[in-house]
Structures are given as structure tokens and as C-alpha cells.
>>> print(open('query.txt').read())   # compact mmCIF, N, CA, C and O atoms
# COMPACT_ATOMS: atom_id res chain seq x y z
N MET A 1 -23.54 29.76 9.00
CA MET A 1 -22.32 29.60 8.25
C MET A 1 -22.32 28.28 7.51
O MET A 1 -22.77 27.28 8.04
N GLY A 2 -21.75 28.28 6.32
CA GLY A 2 -21.69 27.06 5.53
C GLY A 2 -20.51 26.20 5.93
O GLY A 2 -19.59 26.63 6.62
N THR A 3 -20.55 24.98 5.51
CA THR A 3 -19.47 24.04 5.78
C THR A 3 -18.42 24.18 4.68
O THR A 3 -18.75 24.25 3.50
N VAL A 4 -17.16 24.23 5.08
CA VAL A 4 -16.07 24.30 4.13
C VAL A 4 -15.61 22.88 3.85
O VAL A 4 -15.30 22.12 4.78
N THR A 5 -15.58 22.52 2.60
CA THR A 5 -15.14 21.19 2.21
C THR A 5 -13.83 21.33 1.46
O THR A 5 -13.73 22.13 0.53
N THR A 6 -12.85 20.58 1.90
CA THR A 6 -11.58 20.58 1.19
C THR A 6 -11.36 19.20 0.61
O THR A 6 -11.75 18.19 1.19
N THR A 7 -10.76 19.17 -0.53
CA THR A 7 -10.41 17.89 -1.14
C THR A 7 -8.92 17.89 -1.40
O THR A 7 -8.33 18.91 -1.74
N THR A 8 -8.35 16.76 -1.19
CA THR A 8 -6.93 16.60 -1.46
C THR A 8 -6.79 15.77 -2.72
O THR A 8 -7.32 14.66 -2.80
N ALA A 9 -6.11 16.33 -3.69
CA ALA A 9 -5.88 15.60 -4.93
C ALA A 9 -4.95 14.43 -4.66
O ALA A 9 -3.96 14.57 -3.94
N LEU A 10 -5.30 13.29 -5.21
CA LEU A 10 -4.49 12.09 -5.04
C LEU A 10 -4.01 11.60 -6.39
O LEU A 10 -4.61 11.88 -7.41
N ARG A 11 -2.92 10.87 -6.34
CA ARG A 11 -2.48 10.16 -7.53
C ARG A 11 -2.11 8.75 -7.12
O ARG A 11 -1.83 8.49 -5.96
N THR A 12 -2.11 7.87 -8.07
CA THR A 12 -1.85 6.47 -7.82
C THR A 12 -0.42 6.13 -8.24
O THR A 12 0.02 6.52 -9.33
N VAL A 13 0.29 5.42 -7.36
CA VAL A 13 1.63 4.93 -7.69
C VAL A 13 1.69 3.45 -7.34
O VAL A 13 0.99 2.97 -6.45
N THR A 14 2.53 2.73 -8.05
CA THR A 14 2.79 1.33 -7.76
C THR A 14 4.17 1.24 -7.15
O THR A 14 5.13 1.81 -7.68
N VAL A 15 4.27 0.55 -6.02
CA VAL A 15 5.55 0.36 -5.34
C VAL A 15 5.91 -1.11 -5.45
O VAL A 15 5.10 -1.99 -5.11
N ARG A 16 7.12 -1.38 -5.94
CA ARG A 16 7.62 -2.75 -6.03
C ARG A 16 8.80 -2.89 -5.09
O ARG A 16 9.68 -2.03 -5.06
N TYR A 17 8.79 -3.98 -4.32
CA TYR A 17 9.83 -4.23 -3.32
C TYR A 17 10.72 -5.37 -3.79
O TYR A 17 10.24 -6.36 -4.34
N PHE A 18 12.02 -5.26 -3.49
CA PHE A 18 12.97 -6.29 -3.89
C PHE A 18 13.80 -6.72 -2.69
O PHE A 18 14.04 -5.94 -1.77
N ALA A 19 14.23 -7.98 -2.72
CA ALA A 19 15.14 -8.56 -1.73
C ALA A 19 14.68 -8.29 -0.30
O ALA A 19 13.57 -8.63 0.07
N ALA A 20 15.54 -7.67 0.53
CA ALA A 20 15.23 -7.45 1.94
C ALA A 20 14.01 -6.55 2.12
O ALA A 20 13.25 -6.72 3.08
N ALA A 21 13.79 -5.62 1.22
CA ALA A 21 12.60 -4.76 1.31
C ALA A 21 11.34 -5.59 1.10
O ALA A 21 10.34 -5.40 1.79
N LYS A 22 11.39 -6.52 0.18
CA LYS A 22 10.26 -7.42 -0.07
C LYS A 22 9.99 -8.27 1.17
O LYS A 22 8.84 -8.41 1.60
N ALA A 23 11.03 -8.81 1.77
CA ALA A 23 10.86 -9.63 2.97
C ALA A 23 10.30 -8.80 4.13
O ALA A 23 9.40 -9.25 4.85
N ALA A 24 10.79 -7.60 4.32
CA ALA A 24 10.35 -6.76 5.44
C ALA A 24 8.91 -6.27 5.25
O ALA A 24 8.17 -6.16 6.22
N ALA A 25 8.52 -6.00 4.01
CA ALA A 25 7.16 -5.54 3.74
C ALA A 25 6.17 -6.70 3.70
O ALA A 25 4.97 -6.50 3.88
N GLY A 26 6.68 -7.90 3.44
CA GLY A 26 5.80 -9.07 3.35
C GLY A 26 5.00 -9.12 2.06
O GLY A 26 3.98 -9.78 1.98
N ARG A 27 5.48 -8.42 1.06
CA ARG A 27 4.81 -8.40 -0.25
C ARG A 27 5.81 -7.96 -1.30
O ARG A 27 6.83 -7.37 -0.98
N ASP A 28 5.49 -8.23 -2.54
CA ASP A 28 6.41 -7.82 -3.60
C ASP A 28 5.98 -6.53 -4.29
O ASP A 28 6.79 -5.88 -4.95
N ALA A 29 4.71 -6.15 -4.15
CA ALA A 29 4.24 -4.91 -4.79
C ALA A 29 2.90 -4.49 -4.19
O ALA A 29 2.20 -5.31 -3.59
N GLU A 30 2.58 -3.21 -4.37
CA GLU A 30 1.28 -2.70 -3.98
C GLU A 30 1.03 -1.40 -4.72
O GLU A 30 1.95 -0.74 -5.18
N THR A 31 -0.24 -1.04 -4.81
CA THR A 31 -0.64 0.22 -5.42
C THR A 31 -1.17 1.10 -4.30
O THR A 31 -1.97 0.65 -3.48
N LEU A 32 -0.70 2.34 -4.27
CA LEU A 32 -1.07 3.28 -3.21
C LEU A 32 -1.61 4.57 -3.81
O LEU A 32 -1.16 5.01 -4.87
N ALA A 33 -2.53 5.19 -3.10
CA ALA A 33 -2.98 6.55 -3.42
C ALA A 33 -2.19 7.48 -2.52
O ALA A 33 -2.17 7.31 -1.30
N VAL A 34 -1.50 8.44 -3.12
CA VAL A 34 -0.68 9.40 -2.38
C VAL A 34 -1.12 10.80 -2.76
O VAL A 34 -1.71 11.01 -3.82
N PRO A 35 -0.84 11.79 -1.91
CA PRO A 35 -1.18 13.17 -2.29
C PRO A 35 -0.49 13.56 -3.60
O PRO A 35 0.60 13.07 -3.91
N ALA A 36 -1.11 14.43 -4.35
CA ALA A 36 -0.58 14.83 -5.66
C ALA A 36 0.81 15.44 -5.57
O ALA A 36 1.57 15.39 -6.53
N ASP A 37 1.16 16.00 -4.41
CA ASP A 37 2.49 16.61 -4.26
C ASP A 37 3.47 15.69 -3.52
O ASP A 37 4.52 16.14 -3.08
N ALA A 38 3.15 14.41 -3.40
CA ALA A 38 4.02 13.48 -2.66
C ALA A 38 5.37 13.33 -3.34
O ALA A 38 5.48 13.20 -4.56
N THR A 39 6.41 13.36 -2.52
CA THR A 39 7.77 13.17 -3.00
C THR A 39 8.22 11.74 -2.71
O THR A 39 7.55 11.00 -1.97
N VAL A 40 9.36 11.38 -3.25
CA VAL A 40 9.95 10.07 -2.96
C VAL A 40 10.21 9.96 -1.46
O VAL A 40 9.92 8.93 -0.84
N ALA A 41 10.73 11.01 -0.84
CA ALA A 41 11.00 11.00 0.60
C ALA A 41 9.71 10.81 1.40
O ALA A 41 9.68 10.03 2.36
N ALA A 42 8.65 11.50 1.02
CA ALA A 42 7.37 11.36 1.72
C ALA A 42 6.81 9.95 1.56
O ALA A 42 6.25 9.39 2.51
N LEU A 43 6.98 9.37 0.39
CA LEU A 43 6.55 7.98 0.18
C LEU A 43 7.32 7.06 1.12
O LEU A 43 6.73 6.18 1.76
N GLY A 44 8.63 7.27 1.24
CA GLY A 44 9.43 6.47 2.16
C GLY A 44 8.93 6.59 3.60
O GLY A 44 8.82 5.58 4.31
N ASP A 45 8.60 7.80 4.02
CA ASP A 45 8.07 8.01 5.37
C ASP A 45 6.75 7.27 5.57
O ASP A 45 6.52 6.64 6.60
N THR A 46 5.89 7.33 4.56
CA THR A 46 4.60 6.64 4.63
C THR A 46 4.79 5.14 4.74
O THR A 46 4.14 4.46 5.55
N LEU A 47 5.71 4.60 3.95
CA LEU A 47 5.97 3.16 3.98
C LEU A 47 6.58 2.73 5.31
O LEU A 47 6.20 1.68 5.86
N ALA A 48 7.49 3.53 5.85
CA ALA A 48 8.10 3.20 7.14
C ALA A 48 7.05 3.19 8.24
O ALA A 48 7.06 2.30 9.11
N GLU A 49 6.14 4.13 8.19
CA GLU A 49 5.06 4.17 9.19
C GLU A 49 4.13 2.98 9.03
O GLU A 49 3.70 2.37 10.01
N ARG A 50 3.86 2.60 7.81
CA ARG A 50 2.93 1.49 7.53
C ARG A 50 3.50 0.15 7.98
O ARG A 50 2.78 -0.67 8.53
N TYR A 51 4.79 -0.08 7.74
CA TYR A 51 5.36 -1.41 7.96
C TYR A 51 6.23 -1.52 9.21
O TYR A 51 6.69 -2.61 9.53
N GLY A 52 6.49 -0.43 9.90
CA GLY A 52 7.14 -0.51 11.19
C GLY A 52 8.65 -0.35 11.18
O GLY A 52 9.28 -0.15 10.15
N PRO A 53 9.24 -0.48 12.40
CA PRO A 53 10.66 -0.16 12.58
C PRO A 53 11.63 -1.05 11.81
O PRO A 53 12.63 -0.56 11.31
N GLU A 54 11.33 -2.33 11.69
CA GLU A 54 12.25 -3.21 10.94
C GLU A 54 12.28 -2.81 9.47
O GLU A 54 13.34 -2.72 8.87
N PHE A 55 11.12 -2.52 8.91
CA PHE A 55 11.07 -2.06 7.53
C PHE A 55 11.78 -0.73 7.38
O PHE A 55 12.51 -0.50 6.41
N ALA A 56 11.60 0.17 8.35
CA ALA A 56 12.27 1.48 8.31
C ALA A 56 13.78 1.32 8.29
O ALA A 56 14.48 2.06 7.59
N ARG A 57 14.30 0.35 9.05
CA ARG A 57 15.76 0.11 9.03
C ARG A 57 16.23 -0.34 7.66
O ARG A 57 17.28 0.08 7.18
N VAL A 58 15.46 -1.22 7.03
CA VAL A 58 15.80 -1.67 5.68
C VAL A 58 15.71 -0.49 4.71
O VAL A 58 16.61 -0.26 3.90
N LEU A 59 14.64 0.25 4.82
CA LEU A 59 14.39 1.37 3.92
C LEU A 59 15.50 2.42 3.97
O LEU A 59 15.84 3.03 2.96
N ALA A 60 16.09 2.61 5.14
CA ALA A 60 17.16 3.60 5.30
C ALA A 60 18.37 3.29 4.42
O ALA A 60 19.14 4.19 4.09
N ARG A 61 18.51 2.04 4.02
CA ARG A 61 19.64 1.63 3.18
C ARG A 61 19.27 1.49 1.71
O ARG A 61 20.11 1.16 0.89
N CYS A 62 18.01 1.72 1.40
CA CYS A 62 17.52 1.48 0.04
C CYS A 62 17.75 2.66 -0.89
O CYS A 62 17.85 3.80 -0.46
N SER A 63 17.78 2.32 -2.16
CA SER A 63 17.72 3.34 -3.20
C SER A 63 16.41 3.14 -3.95
O SER A 63 15.72 2.13 -3.77
N TYR A 64 16.04 4.12 -4.76
CA TYR A 64 14.76 4.09 -5.45
C TYR A 64 14.95 4.32 -6.94
O TYR A 64 15.81 5.08 -7.36
N LEU A 65 14.10 3.67 -7.70
CA LEU A 65 13.94 3.98 -9.11
C LEU A 65 12.51 4.47 -9.28
O LEU A 65 11.58 3.90 -8.69
N VAL A 66 12.32 5.51 -10.06
CA VAL A 66 10.99 5.96 -10.44
C VAL A 66 10.90 5.82 -11.95
O VAL A 66 11.68 6.44 -12.68
N ASP A 67 9.99 4.96 -12.37
CA ASP A 67 9.84 4.66 -13.80
C ASP A 67 11.18 4.29 -14.42
O ASP A 67 11.56 4.78 -15.48
N GLU A 68 11.92 3.43 -13.70
CA GLU A 68 13.19 2.83 -14.13
C GLU A 68 14.36 3.82 -14.18
O GLU A 68 15.39 3.52 -14.76
N ILE A 69 14.21 4.98 -13.56
CA ILE A 69 15.30 5.96 -13.51
C ILE A 69 15.70 6.17 -12.06
O ILE A 69 14.85 6.40 -11.20
N ALA A 70 17.01 6.07 -11.78
CA ALA A 70 17.51 6.23 -10.41
C ALA A 70 17.15 7.60 -9.86
O ALA A 70 17.28 8.61 -10.55
N VAL A 71 16.71 7.61 -8.62
CA VAL A 71 16.33 8.86 -7.95
C VAL A 71 17.57 9.43 -7.27
O VAL A 71 18.17 8.79 -6.42
N ARG A 72 17.93 10.63 -7.64
CA ARG A 72 19.04 11.35 -7.01
C ARG A 72 18.53 12.39 -6.02
O ARG A 72 19.23 12.76 -5.10
N ASP A 73 17.31 12.87 -6.24
CA ASP A 73 16.72 13.91 -5.40
C ASP A 73 15.49 13.34 -4.69
O ASP A 73 14.46 13.13 -5.33
N PRO A 74 15.59 13.09 -3.38
CA PRO A 74 14.44 12.52 -2.65
C PRO A 74 13.24 13.47 -2.59
O PRO A 74 12.14 13.05 -2.24
N GLN A 75 13.41 14.72 -2.98
CA GLN A 75 12.30 15.67 -3.00
C GLN A 75 11.58 15.68 -4.35
O GLN A 75 10.70 16.51 -4.59
N ARG A 76 11.96 14.75 -5.21
CA ARG A 76 11.29 14.63 -6.51
C ARG A 76 9.83 14.26 -6.29
O ARG A 76 9.50 13.33 -5.54
N VAL A 77 8.92 14.99 -6.93
CA VAL A 77 7.49 14.71 -6.84
C VAL A 77 7.17 13.51 -7.73
O VAL A 77 7.65 13.41 -8.86
N LEU A 78 6.38 12.60 -7.19
CA LEU A 78 6.00 11.40 -7.92
C LEU A 78 4.93 11.71 -8.96
O LEU A 78 3.90 12.30 -8.62
N PRO A 79 5.15 11.31 -10.21
CA PRO A 79 4.11 11.55 -11.23
C PRO A 79 2.97 10.55 -11.10
O PRO A 79 3.14 9.47 -10.53
N GLU A 80 1.82 10.90 -11.64
CA GLU A 80 0.68 9.99 -11.68
C GLU A 80 1.08 8.70 -12.38
O GLU A 80 1.75 8.73 -13.41
N GLY A 81 0.71 7.57 -11.79
CA GLY A 81 0.97 6.28 -12.40
C GLY A 81 2.41 5.79 -12.29
O GLY A 81 2.77 4.80 -12.92
N ALA A 82 3.23 6.47 -11.50
CA ALA A 82 4.64 6.10 -11.39
C ALA A 82 4.78 4.68 -10.84
O ALA A 82 3.97 4.21 -10.04
N VAL A 83 5.84 4.03 -11.28
CA VAL A 83 6.26 2.75 -10.69
C VAL A 83 7.54 3.04 -9.93
O VAL A 83 8.53 3.49 -10.50
N VAL A 84 7.48 2.80 -8.62
CA VAL A 84 8.62 3.07 -7.74
C VAL A 84 9.19 1.74 -7.27
O VAL A 84 8.50 0.93 -6.67
N ASP A 85 10.45 1.50 -7.61
CA ASP A 85 11.15 0.30 -7.17
C ASP A 85 11.97 0.63 -5.94
O ASP A 85 12.72 1.63 -5.93
N VAL A 86 11.83 -0.18 -4.90
CA VAL A 86 12.58 -0.01 -3.64
C VAL A 86 13.66 -1.08 -3.64
O VAL A 86 13.38 -2.27 -3.57
N LEU A 87 14.92 -0.62 -3.74
CA LEU A 87 16.05 -1.53 -3.94
C LEU A 87 17.05 -1.45 -2.79
O LEU A 87 17.77 -0.46 -2.66
N PRO A 88 17.12 -2.50 -1.98
CA PRO A 88 18.17 -2.53 -0.95
C PRO A 88 19.52 -2.79 -1.62
O PRO A 88 19.56 -3.21 -2.79
N PRO A 89 20.61 -2.54 -0.90
CA PRO A 89 21.91 -2.83 -1.49
C PRO A 89 22.01 -4.32 -1.83
O PRO A 89 21.52 -5.16 -1.08
N PHE A 90 22.59 -4.62 -2.96
CA PHE A 90 22.78 -6.01 -3.38
C PHE A 90 24.24 -6.38 -3.27
O PHE A 90 25.12 -5.57 -3.54
N ALA A 91 24.50 -7.60 -2.88
CA ALA A 91 25.86 -8.12 -2.82
C ALA A 91 26.15 -8.91 -4.09
O ALA A 91 25.24 -9.37 -4.76
N GLY A 92 27.40 -9.07 -4.38
CA GLY A 92 27.79 -9.88 -5.53
C GLY A 92 27.91 -9.03 -6.78
O GLY A 92 27.98 -7.82 -6.75
N GLY A 93 27.84 -9.71 -7.91
CA GLY A 93 27.92 -8.95 -9.15
C GLY A 93 28.72 -9.62 -10.08
O GLY A 93 29.27 -10.10 -10.79
>>> encode(input="query.txt", output="C-alpha cells")
Amino acid sequence: MGTVTTTTALRTVTVRYFAAAKAAAGRDAETLAVPADATVAALGDTLAERYGPEFARVLARCSYLVDEIAVRDPQRVLPEGAVVDVLPPFAGG
């Protein structure tokens, strides 16, 4: 019998962190390879797993922009080359 090889299509996204999300992640931005069908919600799960419980607590209060447009549907699939901004609630104004 032959060996079955499967490949998972990936796409690249840039994630930028602001305020408390930046502090919890310990960085202001990173580029990640995600599955081609990755959603905003799946990206959040991946980031929470990567950075741990404190980051997950911050992330639970965050909103997201994808290519500078507010995300209303967390099941939105991320396009290739997307820039995802992770924005915790801001005080003031």
C-alpha cells in the first residue's frame, strides 16, 4: 500500500496587539501561518493557547479589526495577507 500524504493549505496573517493585549502577549505584532479556512474565532483560540490564561482573559474582552474593518462575525474566514488588530476596551475619549 502507498503512503497517503495530506497537505493543509496555509495563509499568512499579521496580528497587531494594542494596550493590554500588547502587554499580555509581550509583543506588538507577529506574522502567523494559519489554515486557509481559519476564522477570527479560531485565531483567537490559537492565540489564547499560545500565550496562556492571562492573555486569554484579556482576549475575552477584545474586539478585532480585519484590514481596518470591525469584525461583527467571529466566524469570518481570514483572507490571505490579512492584518488583524486585537483591541482591548479603551477608557477615555
>>> closest_residue(input="query.txt", among="A:Val13, A:Val84, A:Val77, A:Ile69", to="A:Thr39", atoms="only C-alpha atoms")
A:Val77
>>> residues_near_point(input="query.txt", point="(2.7, -2.9, -3.8)", cutoff="6 Å", atoms="only C-alpha atoms", output="list of chain:residue names")
A:Thr14, A:Val15, A:Arg16, A:Ala29, A:Glu30, A:Thr31
>>> atom_distance(input="query.txt", atom1="atom CA of A:Pro74", atom2="atom CA of A:Leu43")
9.5 Å
>>> residues_around(input="query.txt", residues="A:Val34", least_positions_apart="2", cutoff="9 Å", atoms="only C-alpha atoms", output="ChimeraX atom specification")
/A:9-13,32,36-38,43,78
>>> write_last_selection(input="query.txt", atoms="N, CA, C and O atoms", output="short mmCIF file (atom, residue, chain, number, x, y, z; two decimals), keeping the file's coordinate frame")
data_model
loop_
_atom_site.label_atom_id
_atom_site.label_comp_id
_atom_site.auth_asym_id
_atom_site.auth_seq_id
_atom_site.Cartn_x
_atom_site.Cartn_y
_atom_site.Cartn_z
N ALA A 9 -6.11 16.33 -3.69
CA ALA A 9 -5.88 15.60 -4.93
C ALA A 9 -4.95 14.43 -4.66
O ALA A 9 -3.96 14.57 -3.94
N LEU A 10 -5.30 13.29 -5.21
CA LEU A 10 -4.49 12.09 -5.04
C LEU A 10 -4.01 11.60 -6.39
O LEU A 10 -4.61 11.88 -7.41
N ARG A 11 -2.92 10.87 -6.34
CA ARG A 11 -2.48 10.16 -7.53
C ARG A 11 -2.11 8.75 -7.12
O ARG A 11 -1.83 8.49 -5.96
N THR A 12 -2.11 7.87 -8.07
CA THR A 12 -1.85 6.47 -7.82
C THR A 12 -0.42 6.13 -8.24
O THR A 12 0.02 6.52 -9.33
N VAL A 13 0.29 5.42 -7.36
CA VAL A 13 1.63 4.93 -7.69
C VAL A 13 1.69 3.45 -7.34
O VAL A 13 0.99 2.97 -6.45
N LEU A 32 -0.70 2.34 -4.27
CA LEU A 32 -1.07 3.28 -3.21
C LEU A 32 -1.61 4.57 -3.81
O LEU A 32 -1.16 5.01 -4.87
N ALA A 36 -1.11 14.43 -4.35
CA ALA A 36 -0.58 14.83 -5.66
C ALA A 36 0.81 15.44 -5.57
O ALA A 36 1.57 15.39 -6.53
N ASP A 37 1.16 16.00 -4.41
CA ASP A 37 2.49 16.61 -4.26
C ASP A 37 3.47 15.69 -3.52
O ASP A 37 4.52 16.14 -3.08
N ALA A 38 3.15 14.41 -3.40
CA ALA A 38 4.02 13.48 -2.66
C ALA A 38 5.37 13.33 -3.34
O ALA A 38 5.48 13.20 -4.56
N LEU A 43 6.98 9.37 0.39
CA LEU A 43 6.55 7.98 0.18
C LEU A 43 7.32 7.06 1.12
O LEU A 43 6.73 6.18 1.76
N LEU A 78 6.38 12.60 -7.19
CA LEU A 78 6.00 11.40 -7.92
C LEU A 78 4.93 11.71 -8.96
O LEU A 78 3.90 12.30 -8.62
#
>>> atom_distance(input="query.txt", atom1="atom CA of A:Gly52", atom2="atom O of A:Arg27")
14.0 Å
>>> select_by_dssp(input="query.txt", residues="chain A", states="strand (DSSP E or B)", output="MDAnalysis selection string")
chainID A and resid 10:17 29:35 39 63:66 69:70 77 83:87
>>> atom_distance(input="query.txt", atom1="atom CA of A:Lys22", atom2="atom CA of A:Thr8")
29.6 Å
>>> select_by_dssp(input="query.txt", residues="chain A", states="alpha helix (DSSP H)", output="PyMOL selection string")
chain A and resi 19-25+40-51+53-59
>>> residues_around(input="query.txt", residues="A:Phe90", least_positions_apart="6", cutoff="12 Å", atoms="only C-alpha atoms", output="list in words")
Phe18, Ala19, Ala20, Ala21, Arg61, Cys62 and Ser63 of chain A
>>> axis_aligned_box(input="query.txt", around="stretch 60-72 of chain A", padding_each_side="6 Å", output="AutoDock Vina command-line options")
--center_x 15.0 --center_y 7.0 --center_z -5.1 --size_x 22.3 --size_y 23.6 --size_z 32.8
>>> closest_residue(input="query.txt", among="A:Ala82, A:Gly44, A:Val71, A:Ala33", to="A:Leu59", atoms="only N, CA, C and O atoms")
A:Gly44
>>> residues_near_point(input="query.txt", point="(14.2, 0.8, -4.2)", cutoff="4.5 Å", atoms="only N, CA, C and O atoms", output="mmCIF file with N, CA, C and O atoms, in the coordinates of the input")
data_model
loop_
_atom_site.group_PDB
_atom_site.id
_atom_site.type_symbol
_atom_site.label_atom_id
_atom_site.label_comp_id
_atom_site.auth_asym_id
_atom_site.auth_seq_id
_atom_site.Cartn_x
_atom_site.Cartn_y
_atom_site.Cartn_z
ATOM 1 N N SER A 63 17.780 2.320 -2.160
ATOM 2 C CA SER A 63 17.720 3.340 -3.200
ATOM 3 C C SER A 63 16.410 3.140 -3.950
ATOM 4 O O SER A 63 15.720 2.130 -3.770
ATOM 5 N N TYR A 64 16.040 4.120 -4.760
ATOM 6 C CA TYR A 64 14.760 4.090 -5.450
ATOM 7 C C TYR A 64 14.950 4.320 -6.940
ATOM 8 O O TYR A 64 15.810 5.080 -7.360
ATOM 9 N N ASP A 85 10.450 1.500 -7.610
ATOM 10 C CA ASP A 85 11.150 0.300 -7.170
ATOM 11 C C ASP A 85 11.970 0.630 -5.940
ATOM 12 O O ASP A 85 12.720 1.630 -5.930
ATOM 13 N N VAL A 86 11.830 -0.180 -4.900
ATOM 14 C CA VAL A 86 12.580 -0.010 -3.640
ATOM 15 C C VAL A 86 13.660 -1.080 -3.640
ATOM 16 O O VAL A 86 13.380 -2.270 -3.570
ATOM 17 N N LEU A 87 14.920 -0.620 -3.740
ATOM 18 C CA LEU A 87 16.050 -1.530 -3.940
ATOM 19 C C LEU A 87 17.050 -1.450 -2.790
ATOM 20 O O LEU A 87 17.770 -0.460 -2.660
#
